[in-house]
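Student: Sharing coords.tsv here; it has TSV, C-alpha atoms and all ligand atoms.
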```
chain	number	residue	atom	x	y	z
A	70	MET	CA	85.33	100.86	130.23
A	71	ASN	CA	84.88	97.17	129.42
A	72	ASN	CA	86.59	95.74	126.37
A	73	LEU	CA	83.46	95.26	124.30
A	74	ILE	CA	82.25	98.83	124.83
A	75	ASN	CA	85.69	100.17	124.09
A	76	PHE	CA	85.87	98.12	120.88
A	77	LEU	CA	82.39	99.18	119.72
A	78	LYS	CA	83.17	102.84	120.40
A	79	THR	CA	86.37	102.82	118.36
A	80	ARG	CA	86.04	100.13	115.65
A	81	ARG	CA	86.32	101.16	112.03
A	82	SER	CA	85.82	99.57	108.65
A	83	THR	CA	88.83	99.13	106.39
A	84	THR	CA	87.79	99.72	102.79
A	85	ALA	CA	88.01	96.85	100.33
A	86	LYS	CA	90.42	99.08	98.38
A	87	ALA	CA	92.80	99.17	101.32
A	88	MET	CA	92.58	95.50	102.31
A	89	ASN	CA	94.60	92.50	101.18
A	90	ALA	CA	93.51	88.96	100.68
A	91	GLY	CA	95.32	86.78	103.16
A	92	HIS	CA	94.55	83.74	105.18
A	93	ILE	CA	91.35	83.66	107.17
A	94	LYS	CA	91.43	80.97	109.82
A	95	GLU	CA	88.57	78.54	109.36
A	96	SER	CA	87.71	78.72	113.06
A	97	ASP	CA	87.58	82.54	112.82
A	98	LEU	CA	85.31	82.39	109.79
A	99	ASN	CA	83.03	79.95	111.57
A	100	ASP	CA	82.90	82.21	114.63
A	101	ILE	CA	82.14	85.24	112.46
A	102	LEU	CA	79.30	83.38	110.73
A	103	ALA	CA	77.92	82.08	114.03
A	104	CYS	CA	77.78	85.69	115.29
A	105	GLY	CA	76.17	86.70	112.01
A	106	ILE	CA	73.18	84.42	112.42
A	107	ARG	CA	72.74	85.15	116.12
A	108	VAL	CA	70.64	88.26	115.72
A	109	PRO	CA	67.29	89.58	116.89
A	110	ASP	CA	64.73	88.02	114.54
A	111	HIS	CA	61.03	88.55	115.27
A	112	GLY	CA	59.29	85.18	115.18
A	113	ALA	CA	62.59	83.34	114.54
A	114	LEU	CA	61.74	83.34	110.83
A	115	ASN	CA	65.36	83.41	109.62
A	116	PRO	CA	64.46	85.75	106.74
A	117	TRP	CA	68.06	85.82	105.49
A	118	TYR	CA	70.55	83.54	103.80
A	119	LEU	CA	74.34	83.74	103.73
A	120	THR	CA	76.75	82.66	101.01
A	121	VAL	CA	80.48	82.65	101.68
A	122	ILE	CA	82.52	83.36	98.57
A	123	LYS	CA	86.09	82.20	99.04
A	124	ASP	CA	89.04	80.52	97.35
A	125	ASN	CA	88.44	79.99	93.59
A	126	ALA	CA	84.82	81.15	93.75
A	127	ARG	CA	86.09	84.74	94.19
A	128	PHE	CA	87.62	84.71	90.70
A	129	ARG	CA	85.01	82.46	89.08
A	130	ILE	CA	82.21	84.83	90.07
A	131	GLY	CA	84.38	87.78	89.08
A	132	LYS	CA	84.79	86.34	85.60
A	133	GLU	CA	81.36	84.79	85.07
A	134	ILE	CA	79.19	87.45	86.68
A	135	LEU	CA	80.95	90.66	87.68
A	136	ALA	CA	82.90	91.18	84.46
A	137	THR	CA	80.18	89.82	82.15
A	138	GLU	CA	77.32	91.78	83.69
A	139	TYR	CA	79.45	94.91	83.93
A	140	VAL	CA	80.13	94.81	80.20
A	141	LEU	CA	76.45	94.19	79.43
A	142	ASN	CA	75.51	97.28	81.42
A	143	ASN	CA	78.51	99.36	80.35
A	144	PRO	CA	79.26	98.57	76.71
A	145	GLU	CA	81.99	101.23	76.69
A	146	ALA	CA	83.95	99.43	79.47
A	147	THR	CA	87.73	99.42	79.02
A	148	GLU	CA	90.02	96.39	79.48
A	149	GLU	CA	91.09	97.97	82.76
A	150	ASP	CA	87.47	98.20	83.98
A	151	ILE	CA	86.86	94.56	83.01
A	152	ASP	CA	90.00	93.38	84.81
A	153	PHE	CA	88.94	95.29	87.88
A	154	GLU	CA	85.56	93.53	87.90
A	155	LYS	CA	87.14	90.10	87.38
A	156	ASN	CA	89.43	90.66	90.34
A	157	ARG	CA	87.02	92.57	92.57
A	158	PHE	CA	86.45	89.79	95.10
A	159	LEU	CA	90.14	88.82	95.13
A	160	ARG	CA	90.81	91.86	97.32
A	161	ALA	CA	89.29	89.93	100.22
A	162	SER	CA	90.07	86.56	101.78
A	163	ALA	CA	86.34	85.89	101.92
A	164	VAL	CA	83.24	87.80	100.93
A	165	VAL	CA	79.97	87.02	102.69
A	166	ALA	CA	76.85	87.76	100.65
A	167	VAL	CA	73.84	88.44	102.87
A	168	LEU	CA	70.50	87.93	101.23
A	169	PHE	CA	67.18	89.19	102.54
A	170	LYS	CA	64.63	86.42	102.02
A	171	PRO	CA	61.22	87.57	103.20
A	172	VAL	CA	58.89	85.00	104.71
A	173	SER	CA	55.15	85.33	104.42
A	174	HIS	CA	53.71	85.92	107.90
A	175	PRO	CA	50.25	87.08	109.03
A	176	LYS	CA	51.58	89.49	111.71
A	177	ILE	CA	55.27	90.18	111.22
A	178	PRO	CA	55.86	92.77	108.50
A	179	SER	CA	58.56	92.41	105.89
A	180	TRP	CA	60.19	95.62	107.21
A	181	GLU	CA	61.11	93.84	110.44
A	182	MET	CA	62.67	91.03	108.42
A	183	GLU	CA	64.75	93.62	106.55
A	184	LEU	CA	65.93	95.05	109.86
A	185	SER	CA	66.97	91.60	111.05
A	186	THR	CA	68.93	91.13	107.80
A	187	GLY	CA	70.77	94.40	108.46
A	188	ALA	CA	71.62	93.08	111.92
A	189	VAL	CA	73.16	89.97	110.30
A	190	CYS	CA	75.42	92.23	108.22
A	191	SER	CA	76.38	94.34	111.23
A	192	ASN	CA	77.20	91.32	113.35
A	193	ILE	CA	79.41	89.80	110.66
A	194	LEU	CA	81.21	93.12	110.18
A	195	VAL	CA	81.76	93.72	113.88
A	196	ALA	CA	82.74	90.10	114.63
A	197	ALA	CA	85.34	90.14	111.84
A	198	GLN	CA	86.74	93.47	112.99
A	199	SER	CA	86.89	92.27	116.59
A	200	LEU	CA	89.19	89.45	115.49
A	201	GLY	CA	91.55	91.98	113.88
A	202	TYR	CA	90.46	91.48	110.27
A	203	ALA	CA	89.84	94.30	107.82
A	204	ALA	CA	86.14	94.29	106.96
A	205	GLN	CA	83.71	96.42	104.97
A	206	TRP	CA	80.01	96.23	104.14
A	207	LEU	CA	79.39	97.04	100.48
A	208	THR	CA	76.42	96.93	98.15
A	209	GLU	CA	77.81	98.55	94.97
A	210	TRP	CA	76.15	97.84	91.62
A	211	TYR	CA	76.15	94.03	91.76
A	212	SER	CA	73.84	93.80	94.80
A	213	TYR	CA	71.12	94.88	92.39
A	214	ASN	CA	72.06	92.42	89.67
A	215	GLU	CA	69.67	89.51	89.04
A	216	ARG	CA	72.35	87.01	88.10
A	217	MET	CA	74.25	87.79	91.28
A	218	ILE	CA	71.10	87.40	93.38
A	219	LYS	CA	70.56	83.96	91.79
A	220	GLU	CA	74.22	82.98	92.23
A	221	VAL	CA	73.98	83.49	95.99
A	222	GLY	CA	70.75	81.54	96.31
A	223	GLY	CA	68.11	84.24	95.88
A	224	LYS	CA	65.02	84.78	93.78
A	225	PRO	CA	65.15	88.22	92.13
A	226	GLU	CA	61.32	88.55	92.32
A	227	THR	CA	61.29	88.50	96.12
A	228	ASP	CA	64.79	88.54	97.61
A	229	LYS	CA	67.26	91.41	97.96
A	230	LEU	CA	70.95	91.57	98.65
A	231	ALA	CA	71.58	93.44	101.90
A	232	GLY	CA	75.23	93.54	101.02
A	233	PHE	CA	78.57	91.85	100.74
A	234	ILE	CA	80.85	91.83	103.75
A	235	TYR	CA	84.45	91.82	102.57
A	236	ILE	CA	86.87	90.27	105.06
A	237	GLY	CA	90.61	90.51	104.60
A	238	ASN	CA	93.82	91.68	106.18
A	239	LYS	CA	94.84	95.24	106.90
A	240	GLU	CA	98.27	96.75	106.45
A	241	LYS	CA	97.56	99.70	108.70
A	242	GLU	CA	94.78	100.90	110.95
A	243	PRO	CA	92.15	102.98	109.15
A	244	VAL	CA	91.84	106.63	110.14
A	245	GLU	CA	88.69	107.86	111.85
A	246	ARG	CA	85.88	109.15	109.66
A	247	ARG	CA	83.24	111.81	110.30
A	248	ARG	CA	80.85	110.73	113.07
A	249	PRO	CA	77.54	112.30	114.05
A	250	LYS	CA	77.30	114.73	116.92
A	251	ILE	CA	75.28	113.06	119.67
A	252	GLU	CA	72.93	116.05	120.05
A	253	ASN	CA	72.01	115.90	116.33
A	254	VAL	CA	70.83	112.31	116.35
A	255	ILE	CA	69.85	111.40	119.89
A	256	ASN	CA	67.07	112.89	121.98
A	257	PHE	CA	66.31	112.12	125.62
A	258	LEU	CA	62.70	112.31	126.74
A	259	THR	CA	62.46	112.51	130.47
A	260	GLU	CA	58.90	113.71	131.14
B	301	LIG	C1	73.96	98.92	103.46
B	301	LIG	C2	75.29	99.56	103.25
B	301	LIG	C3	75.83	99.58	101.98
B	301	LIG	C4	77.04	100.20	101.73
B	301	LIG	N1	77.53	100.21	100.46
B	301	LIG	C5	78.65	100.88	100.19
B	301	LIG	C6	79.12	100.93	98.86
B	301	LIG	O1	78.56	100.36	97.95
B	301	LIG	N2	80.26	101.65	98.63
B	301	LIG	C7	80.93	102.32	99.64
B	301	LIG	O2	81.94	102.96	99.39
B	301	LIG	N3	80.50	102.25	100.91
B	301	LIG	C8	79.38	101.56	101.21
B	301	LIG	N4	78.93	101.49	102.50
B	301	LIG	C9	79.65	102.19	103.56
B	301	LIG	C10	80.94	101.53	103.94
B	301	LIG	O3	80.78	100.25	104.48
B	301	LIG	C11	81.72	102.43	104.87
B	301	LIG	O4	83.04	102.09	104.77
B	301	LIG	C12	81.25	102.36	106.29
B	301	LIG	O5	80.04	103.05	106.42
B	301	LIG	C13	82.28	102.89	107.26
B	301	LIG	O6	81.75	102.86	108.54
B	301	LIG	P1	82.45	102.27	109.86
B	301	LIG	O7	83.88	102.65	109.87
B	301	LIG	O8	81.66	102.89	110.96
B	301	LIG	O9	82.24	100.78	109.86
B	301	LIG	C14	77.74	100.84	102.79
B	301	LIG	C15	77.21	100.78	104.09
B	301	LIG	C16	76.00	100.16	104.32
B	301	LIG	C17	75.46	100.14	105.72
```
Once more with this new file: its structure as structure tokens, please.

Tutor:
Amino acid sequence: MNNLINFLKTRRSTTAKAMNAGHIKESDLNDILACGIRVPDHGALNPWYLTVIKDNARFRIGKEILATEYVLNNPEATEEDIDFEKNRFLRASAVVAVLFKPVSHPKIPSWEMELSTGAVCSNILVAAQSLGYAAQWLTEWYSYNERMIKEVGGKPETDKLAGFIYIGNKEKEPVERRRPKIENVINFLTE
């Protein structure tokens, strides 16, 4: 089996909970992002936009948006909840926000642009994991928050967050999770 197939057949996400922030090499991050934007994209419309949240921005956004918006939506939040929100992004070395930005086109439907945006997320995830980093694709509550959408360059009226790809270090390999049985999800038509 070639290395790429073997990797794709066995790779796993490491949850943000289980990862540590460490050093992400700039050349690795650039490679990961280059893979992220090299995706099938009908009409080459680039209907997506990436924002890399790293260094101090992880805590600034935690304080200014995650904690503040969490309290607005959960007035009963405890100090512990608020601290968790402030520090949420600090679990990763970098968090890549992937925004779906639909483009108006006479023939290419928005659905296909959404699919391309999902491919961006997958490529970032897989590229980061292939370099040995812990990585996870999350949406959680703040993907649906207007202030967060604006912070990462989106317009809440039209754009949607496809997710945040957390990239960090892992202490141990994640265990396998439940996978589908081939016969339940794949059909072969031969005639
Ligand atoms: C669009 C999308 C959003 C997700 N959002 C969450 C989330 O908010 N919380 C969560 O625990 N897992 C979420 N997940 C799932 C995790 O990334 C999960 O760890 C992953 O499916 C594990 O799969 P893997 O080991 O095959 O990479 C999401 C997955 C996708 C595709």

Student: Which residue gives the smallest distance to ligand LIG 301 (chain B) among A:Val167, A:Met217, A:Ile251, A:Val172, with all atoms listed in the file counted?

Tutor: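 Of the candidates, the smallest distance to ligand LIG 301 (chain B) is held by A:Val167.
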
Student: Could you pull the residues within 9 Å of segment 219-235 of chain A, counting all atoms listed in the file, minus those fewer than 3 positions along the same chain, as a ChimeraX atom specification?

Tutor: /A:84-85,88,117-122,130,134,158,160-171,183,186-187,190,193-194,203-209,211-216

Student: Any chance you could work out the axis-aligned box around ligand LIG 301 (chain B), listed atoms only, 4 Å on each side, giving centre and edge lengths in Å to one decimal, as JSON?

Tutor:
```
{"center_x": 78.9, "center_y": 101.0, "center_z": 104.5, "size_x": 17.9, "size_y": 12.1, "size_z": 21.0}
```

Student: Atom CA of Pro144 of chain A and atom CA of Asn156 of chain A, how far apart in Å?

Tutor: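 Interatomic distance, atom CA of Asn156 of chain A to atom CA of Pro144 of chain A: 18.8 Å.
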
Student: For segment 146-155 of chain A, work out the shell of residues within 6 Å, counting all atoms listed in the file and skipping chain neighbours fewer than 6 positions away, then give it as a JSON list (two decimals) with C-alpha atoms, keeping the file's coordinate frame.

Tutor:
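So the final result, stored in selection.json, reads:
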```json
[["chain", "number", "residue", "atom", "x", "y", "z"],
["A", 131, "GLY", "CA", 84.38, 87.78, 89.08],
["A", 132, "LYS", "CA", 84.79, 86.34, 85.60],
["A", 135, "LEU", "CA", 80.95, 90.66, 87.68],
["A", 136, "ALA", "CA", 82.90, 91.18, 84.46]]
```
